[in-house]
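I have placed the structure first, in the form of structure tokens, so that the comments after it can refer back to it.
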Amino acid sequence: MISISEFNFSGKKAIVRVDFNVPLDENGNITDDTRIRGALPTLKKILNDGGALIMMSHMGKPKGKVNPKLSLKQIVEAVSAQLGVEVKFAEDSGCAQAQAQALKGGEALLLENLRFYAEEEGKPVGVEKADPGYEKAKAEMKERQKAYAKALASYADVYVNDAFGTAHRKHASTAVVADFFDEDSKMLGFLMEKEVTAIDNVMKNAQHPFTAIIGGSKVSSKLAVIQNLLDKVDNLIIGGGMAYTFIKARGGKIGNSLHEDELIPEAQEIMEAAKAKGVNLSISASTVVGKEFSNDAEQKVVPIDEIPDGWMGMDAAPESLEEWKEILLDSKTILWNGPVGVFEFENFAKGTGAIARFVAQATQEKGAYSLVGGGDSVAAVNKFGLADKVSYVSTGGGAMLEAIEGKVLPGVAAIKG
């Protein structure tokens with residue numbers, strides 16, 4: 001696989017899959033340009049080399065229909081300002097041959113939202129899996145997806161994938177398009193290279209003790225992640241709403257706390273497997289409970305397996321945080337995905353904030369390698385100004401989770417093989 005840093009784009013047209021799925025306010029103004037800034041090293045490398053740049057991205061979920069509120073035309077001005085060149089715009093991503101052909105070195109073009117075409121995601125339209133004609137529709141859509149990807153590929157000499165946030169999707173622009181470029185004409189962008197390296201650092205090259213903090217609301221969303229980590233970590237900290245399924249599984253009283261009864265057998269299996277593998281499985285010793293699911297709810301601290309009826313677990317309590325601090329400061333590799341409390345409520349975000357500080361402290365003072373990913377975890381390190389105090393902050397929640405599960409990411413495999 002060729003490295004982007006070694007490639008000279010002079011005289012070449014490069015089509016780059018970026019992740020410009022940025023949040024917009026009601027007036028179409030960007031409220032957070034992190035994803036655009038993340039792609040700049042790759043985009044500027046192409047332009048500075050004298051290459052012609054074609055950018056493609058999705059925005060939102062238009063489901064194969066044109067939706068002006070999800071048009072990438074709204075961000076052209078912002079992308080132009082960041083790149084320092086006037087970005088041209090193609091109103092139709094599937095019919096931009098003339099505009100692409102007219103591009104000169106140092107010029108840039110942004111294609112309209114890829115997902116205005118159903119072919120981008122490649123899902124059959126107007127038919128359900130249970131319908132008798134589903135398999136035929138699926139096969140037809142696969143051919144249409146291939147044709148759409150071929151059209152995108154025809155615009156350029158080189159393909160670069162720099163959109164880690166969609167690397168777990170086998171879409172036309174993230175995986176299928178790569179089939180139309182030879183090995184020396186497709187590569188990962190700088191951002192993708194960093195993401196892949198960061199995940200390899202924790203999943204393949206971790207120094208021990210290795211600690212994973214897995215939080216969030218539901219066990220079901222992280223079950224495969226936890227199961228895969230049991231063969232790799234020394235310590236597994238489980239926090240957030242998912243912890244209460246484990247507490248109930250071991251016979252504790254959880255009051256009105258969020259839990260998934262149907263996953264109690266899996267929770268029991270995980271606890272037994274952790275014990276058998278010698279993994280230190282740490283769940284809150286005590287918890288901050290609330291009388292209702294509200295920021296202003298009456299709260300108190302109780303043992304996590306003795307939550308009174310009518311109360312619900314809302315955050316990790318000081319006793320638990322002290323235990324986790326000790327574990328984290330003794331770790332050489334740290335993976336953090338998911339909050340340990342109701343992070344969206346200021347009064348119940350203290351535990352997640354503390355975890356952010358502990359991870360940063362372990363990184364800065366103890367030399368640990370730390371990878372942080374997932375919306376609320378990333379929000380926490382950003383909120384407390386700690387993003388530059390951890391080793392790496394991932395840009396892709398779903399892609400990172402699938403990589404941690406041990407799955408092959410189609411967007412990476414399409415280039416690396």
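Labels for the structure tokens follow display order: chains A, B, ..., residues from 1 in each chain, ligands from 1.
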
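Proximity to Ser220 (chain A) at 10 Å, evaluated using only C-alpha atoms and with sequence-adjacent residues fewer than 6 positions away removed, yields Met242, Glu260, Glu262, Leu263 and Glu266 of chain A.
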
Write out as a tab-separated table a residue-level contact list of region 111-229 of chain A versus region 53-68 of chain A with cut-off 7 Å: for each qualifying residue the closest pair of atoms and the distance in Å to one decimal, counting only C-alpha atoms, rows sorted by chain and residue number upward.
residue	atom	partner	partner_atom	distance
A:Leu111	CA	A:Met56	CA	5.2
A:Asn113	CA	A:His58	CA	4.8
A:Leu114	CA	A:His58	CA	5.1
A:Arg115	CA	A:Gly64	CA	5.5
A:Phe116	CA	A:Gly64	CA	4.5
A:Tyr117	CA	A:Gly64	CA	4.5
A:Ala118	CA	A:Gly64	CA	3.8

Selected residues written out, N, CA, C and O atoms, as a short mmCIF file (atom, residue, chain, number, x, y, z; two decimals), in the first residue's frame:
data_model
loop_
_atom_site.label_atom_id
_atom_site.label_comp_id
_atom_site.auth_asym_id
_atom_site.auth_seq_id
_atom_site.Cartn_x
_atom_site.Cartn_y
_atom_site.Cartn_z
N LEU A 111 -18.34 17.79 -4.53
CA LEU A 111 -19.54 17.16 -5.08
C LEU A 111 -20.71 17.29 -4.11
O LEU A 111 -20.53 17.33 -2.90
N ASN A 113 -24.00 16.16 -1.94
CA ASN A 113 -24.24 15.06 -1.00
C ASN A 113 -24.39 13.71 -1.72
O ASN A 113 -25.34 13.50 -2.47
N LEU A 114 -23.46 12.82 -1.46
CA LEU A 114 -23.47 11.50 -2.11
C LEU A 114 -24.75 10.73 -1.83
O LEU A 114 -25.22 9.95 -2.67
N ARG A 115 -25.31 10.92 -0.65
CA ARG A 115 -26.49 10.14 -0.26
C ARG A 115 -27.79 10.65 -0.87
O ARG A 115 -28.86 10.10 -0.59
N PHE A 116 -27.70 11.67 -1.74
CA PHE A 116 -28.87 12.02 -2.54
C PHE A 116 -29.13 10.91 -3.56
O PHE A 116 -30.19 10.82 -4.15
N TYR A 117 -28.13 10.08 -3.78
CA TYR A 117 -28.24 8.87 -4.61
C TYR A 117 -28.40 7.66 -3.68
O TYR A 117 -27.57 7.43 -2.80
N ALA A 118 -29.45 6.88 -3.87
CA ALA A 118 -29.63 5.66 -3.08
C ALA A 118 -28.48 4.68 -3.33
O ALA A 118 -28.15 3.86 -2.47
#

Name all residues at most 7 Å from region 151-156 of chain A (count only C-alpha atoms; drop same-chain ones fewer than 6 positions away) and give them as number ranges by chain.
-> A: 13-15, 94, 97, 100-101, 177, 180

In region 10-236 of chain A, DSSP alpha helix (DSSP H) residues written as JSON, numbers by chain = {"A": [34, 35, 36, 37, 38, 39, 40, 41, 42, 43, 44, 45, 46, 47, 48, 49, 76, 77, 78, 79, 80, 81, 82, 83, 97, 98, 99, 100, 101, 102, 118, 119, 120, 121, 134, 135, 136, 137, 138, 139, 140, 141, 142, 143, 144, 145, 146, 147, 148, 149, 150, 151, 152, 153, 190, 191, 192, 193, 194, 195, 196, 197, 198, 199, 200, 201, 202, 203, 223, 224, 225, 226, 227, 228, 229]}

Spatial neighbours of Asp32 (chain A), 8 Å, only C-alpha atoms, chain gap at least 5 places, as a VMD selection string | chain A and resid 22 to 24

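Closest approach to Val158 (chain A) among A:Val342, A:Ala52, A:Val202, A:Ile404: A:Ala52, based on only C-alpha atoms.
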
Please report, as a ChimeraX atom specification, each residue of region 220-321 of chain A to which DSSP assigns strand (DSSP E or B) when run on this structure's backbone.
-> /A:235-238,253-254,280-283,286-290,299-303,306-307,312-316

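Each of A:Ile2, A:Leu258, A:Ala163, A:Ala403 was checked against Asn21 (chain A) using only C-alpha atoms; the smallest atom-to-atom distance is that of A:Ala163.
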
Do you know which residues are at most 12 Å from Ala81 (chain A) counting only C-alpha atoms, after dropping those on the same chain fewer than 4 positions away, and could you put them as a PyMOL selection string?
-> chain A and resi 33+36-37+40+75-77+85-87

Separation of CA of Leu110 (chain A) from CA of Met187 (chain A) in Å =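 CA of Met187 (chain A) sits 19.4 Å away from CA of Leu110 (chain A).
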
Tell me, as a ChimeraX atom specification, which residues lie within 12 Å of Lys332 (chain A), counting only C-alpha atoms; anything in the same chain fewer than 3 positions away does not count.
-> /A:201-202,205-212,233-235,327-329,335,359,361-371,391

Write to file, as a compact mmCIF listing (two decimals), in the first residue's frame, the residues of the selection just made, with N, CA, C and O atoms.
# COMPACT_ATOMS: atom_id res chain seq x y z
N ASN A 201 -2.43 0.47 17.84
CA ASN A 201 -1.65 0.67 19.07
C ASN A 201 -2.33 0.05 20.29
O ASN A 201 -1.66 -0.44 21.20
N VAL A 202 -3.67 0.07 20.30
CA VAL A 202 -4.36 -0.50 21.46
C VAL A 202 -4.81 -1.94 21.24
O VAL A 202 -4.86 -2.72 22.20
N ASN A 205 -0.82 -3.74 19.52
CA ASN A 205 0.51 -3.45 20.06
C ASN A 205 0.46 -2.87 21.47
O ASN A 205 1.36 -2.13 21.87
N ALA A 206 -0.58 -3.19 22.22
CA ALA A 206 -0.77 -2.58 23.55
C ALA A 206 0.32 -3.00 24.53
O ALA A 206 0.71 -4.16 24.60
N GLN A 207 0.78 -2.01 25.30
CA GLN A 207 1.65 -2.29 26.43
C GLN A 207 0.76 -2.55 27.64
O GLN A 207 -0.33 -1.97 27.76
N HIS A 208 1.20 -3.38 28.53
CA HIS A 208 0.40 -3.74 29.70
C HIS A 208 0.96 -3.11 30.97
O HIS A 208 2.16 -2.86 31.05
N PRO A 209 0.07 -2.83 31.94
CA PRO A 209 -1.35 -3.14 32.00
C PRO A 209 -2.18 -2.32 30.98
O PRO A 209 -1.93 -1.14 30.80
N PHE A 210 -3.13 -3.00 30.37
CA PHE A 210 -4.04 -2.40 29.39
C PHE A 210 -5.42 -2.31 30.04
O PHE A 210 -5.97 -3.31 30.49
N THR A 211 -5.96 -1.09 30.09
CA THR A 211 -7.27 -0.86 30.70
C THR A 211 -8.24 -0.29 29.67
O THR A 211 -7.91 0.66 28.95
N ALA A 212 -9.42 -0.87 29.60
CA ALA A 212 -10.49 -0.33 28.75
C ALA A 212 -11.63 0.16 29.63
O ALA A 212 -12.03 -0.53 30.57
N VAL A 233 -7.38 -7.17 27.42
CA VAL A 233 -7.15 -6.21 28.51
C VAL A 233 -6.79 -6.90 29.83
O VAL A 233 -7.06 -8.08 30.03
N ASP A 234 -6.19 -6.09 30.71
CA ASP A 234 -5.93 -6.54 32.08
C ASP A 234 -7.04 -6.04 33.01
O ASP A 234 -7.39 -6.71 33.98
N ASN A 235 -7.57 -4.85 32.67
CA ASN A 235 -8.65 -4.25 33.46
C ASN A 235 -9.78 -3.81 32.54
O ASN A 235 -9.52 -3.19 31.49
N ILE A 327 -6.56 2.46 39.10
CA ILE A 327 -6.37 1.52 37.99
C ILE A 327 -5.76 2.24 36.78
O ILE A 327 -4.80 1.78 36.17
N LEU A 328 -6.31 3.41 36.45
CA LEU A 328 -5.87 4.14 35.26
C LEU A 328 -4.44 4.67 35.40
O LEU A 328 -3.67 4.61 34.43
N LEU A 329 -4.09 5.14 36.56
CA LEU A 329 -2.74 5.68 36.74
C LEU A 329 -1.68 4.59 36.76
O LEU A 329 -0.48 4.88 36.63
N LEU A 335 -7.97 2.58 26.70
CA LEU A 335 -9.00 2.77 25.68
C LEU A 335 -10.26 3.24 26.39
O LEU A 335 -10.71 2.60 27.34
N VAL A 359 -7.60 9.96 32.64
CA VAL A 359 -6.97 9.47 31.42
C VAL A 359 -5.87 10.43 30.98
O VAL A 359 -4.77 10.01 30.60
N GLN A 361 -4.23 12.50 32.93
CA GLN A 361 -3.16 12.43 33.92
C GLN A 361 -2.26 11.21 33.68
O GLN A 361 -1.04 11.30 33.74
N ALA A 362 -2.90 10.07 33.39
CA ALA A 362 -2.14 8.85 33.12
C ALA A 362 -1.26 9.02 31.89
O ALA A 362 -0.13 8.53 31.83
N THR A 363 -1.77 9.75 30.91
CA THR A 363 -1.03 9.99 29.66
C THR A 363 0.14 10.94 29.89
O THR A 363 1.28 10.66 29.49
N GLN A 364 -0.15 12.06 30.55
CA GLN A 364 0.86 13.11 30.70
C GLN A 364 1.91 12.79 31.77
O GLN A 364 3.09 13.08 31.60
N GLU A 365 1.47 12.22 32.88
CA GLU A 365 2.37 12.00 34.00
C GLU A 365 2.97 10.61 34.06
O GLU A 365 4.08 10.41 34.57
N LYS A 366 2.24 9.63 33.51
CA LYS A 366 2.70 8.24 33.61
C LYS A 366 3.14 7.65 32.28
O LYS A 366 3.61 6.51 32.23
N GLY A 367 2.94 8.42 31.19
CA GLY A 367 3.39 7.96 29.89
C GLY A 367 2.51 6.90 29.24
O GLY A 367 2.96 6.18 28.35
N ALA A 368 1.27 6.80 29.67
CA ALA A 368 0.35 5.81 29.07
C ALA A 368 -0.03 6.25 27.66
O ALA A 368 -0.04 7.44 27.34
N TYR A 369 -0.36 5.27 26.81
CA TYR A 369 -0.94 5.57 25.49
C TYR A 369 -2.45 5.50 25.64
O TYR A 369 -2.99 4.48 26.08
N SER A 370 -3.14 6.59 25.28
CA SER A 370 -4.60 6.64 25.48
C SER A 370 -5.33 6.97 24.19
O SER A 370 -4.97 7.89 23.46
N LEU A 371 -6.34 6.17 23.92
CA LEU A 371 -7.21 6.37 22.76
C LEU A 371 -8.62 6.63 23.27
O LEU A 371 -9.19 5.82 24.00
N SER A 391 -3.47 10.73 24.09
CA SER A 391 -2.64 10.37 22.93
C SER A 391 -3.38 10.57 21.60
O SER A 391 -2.82 11.09 20.64

Work out how far apart CA of Ala139 (chain A) and CA of Lys170 (chain A) are and give it in Å to one decimal.
->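 Going from CA of Ala139 (chain A) over to CA of Lys170 (chain A), I get 14.9 Å.
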
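The two atoms in question, CA of Ala249 (chain A) and CA of Leu223 (chain A), are spaced 14.6 Å apart.
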
With distances taken over only C-alpha atoms, which of A:Thr166, A:Val16, A:Asp179, A:Asn8 is nearest to Glu402 (chain A)?
-> A:Thr166

Hey, what's within 9 Å of Val372 (chain A) if we count only C-alpha atoms and toss same-chain stuff fewer than 6 positions away? As a list in words, please?
->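 So the residues in contact are Ile334, Leu335, Trp336, Asn337, Gly338, Val359, Val378, Val381, Ala387, Val390, Ser391, Tyr392, Val393 and Ser394 of chain A.
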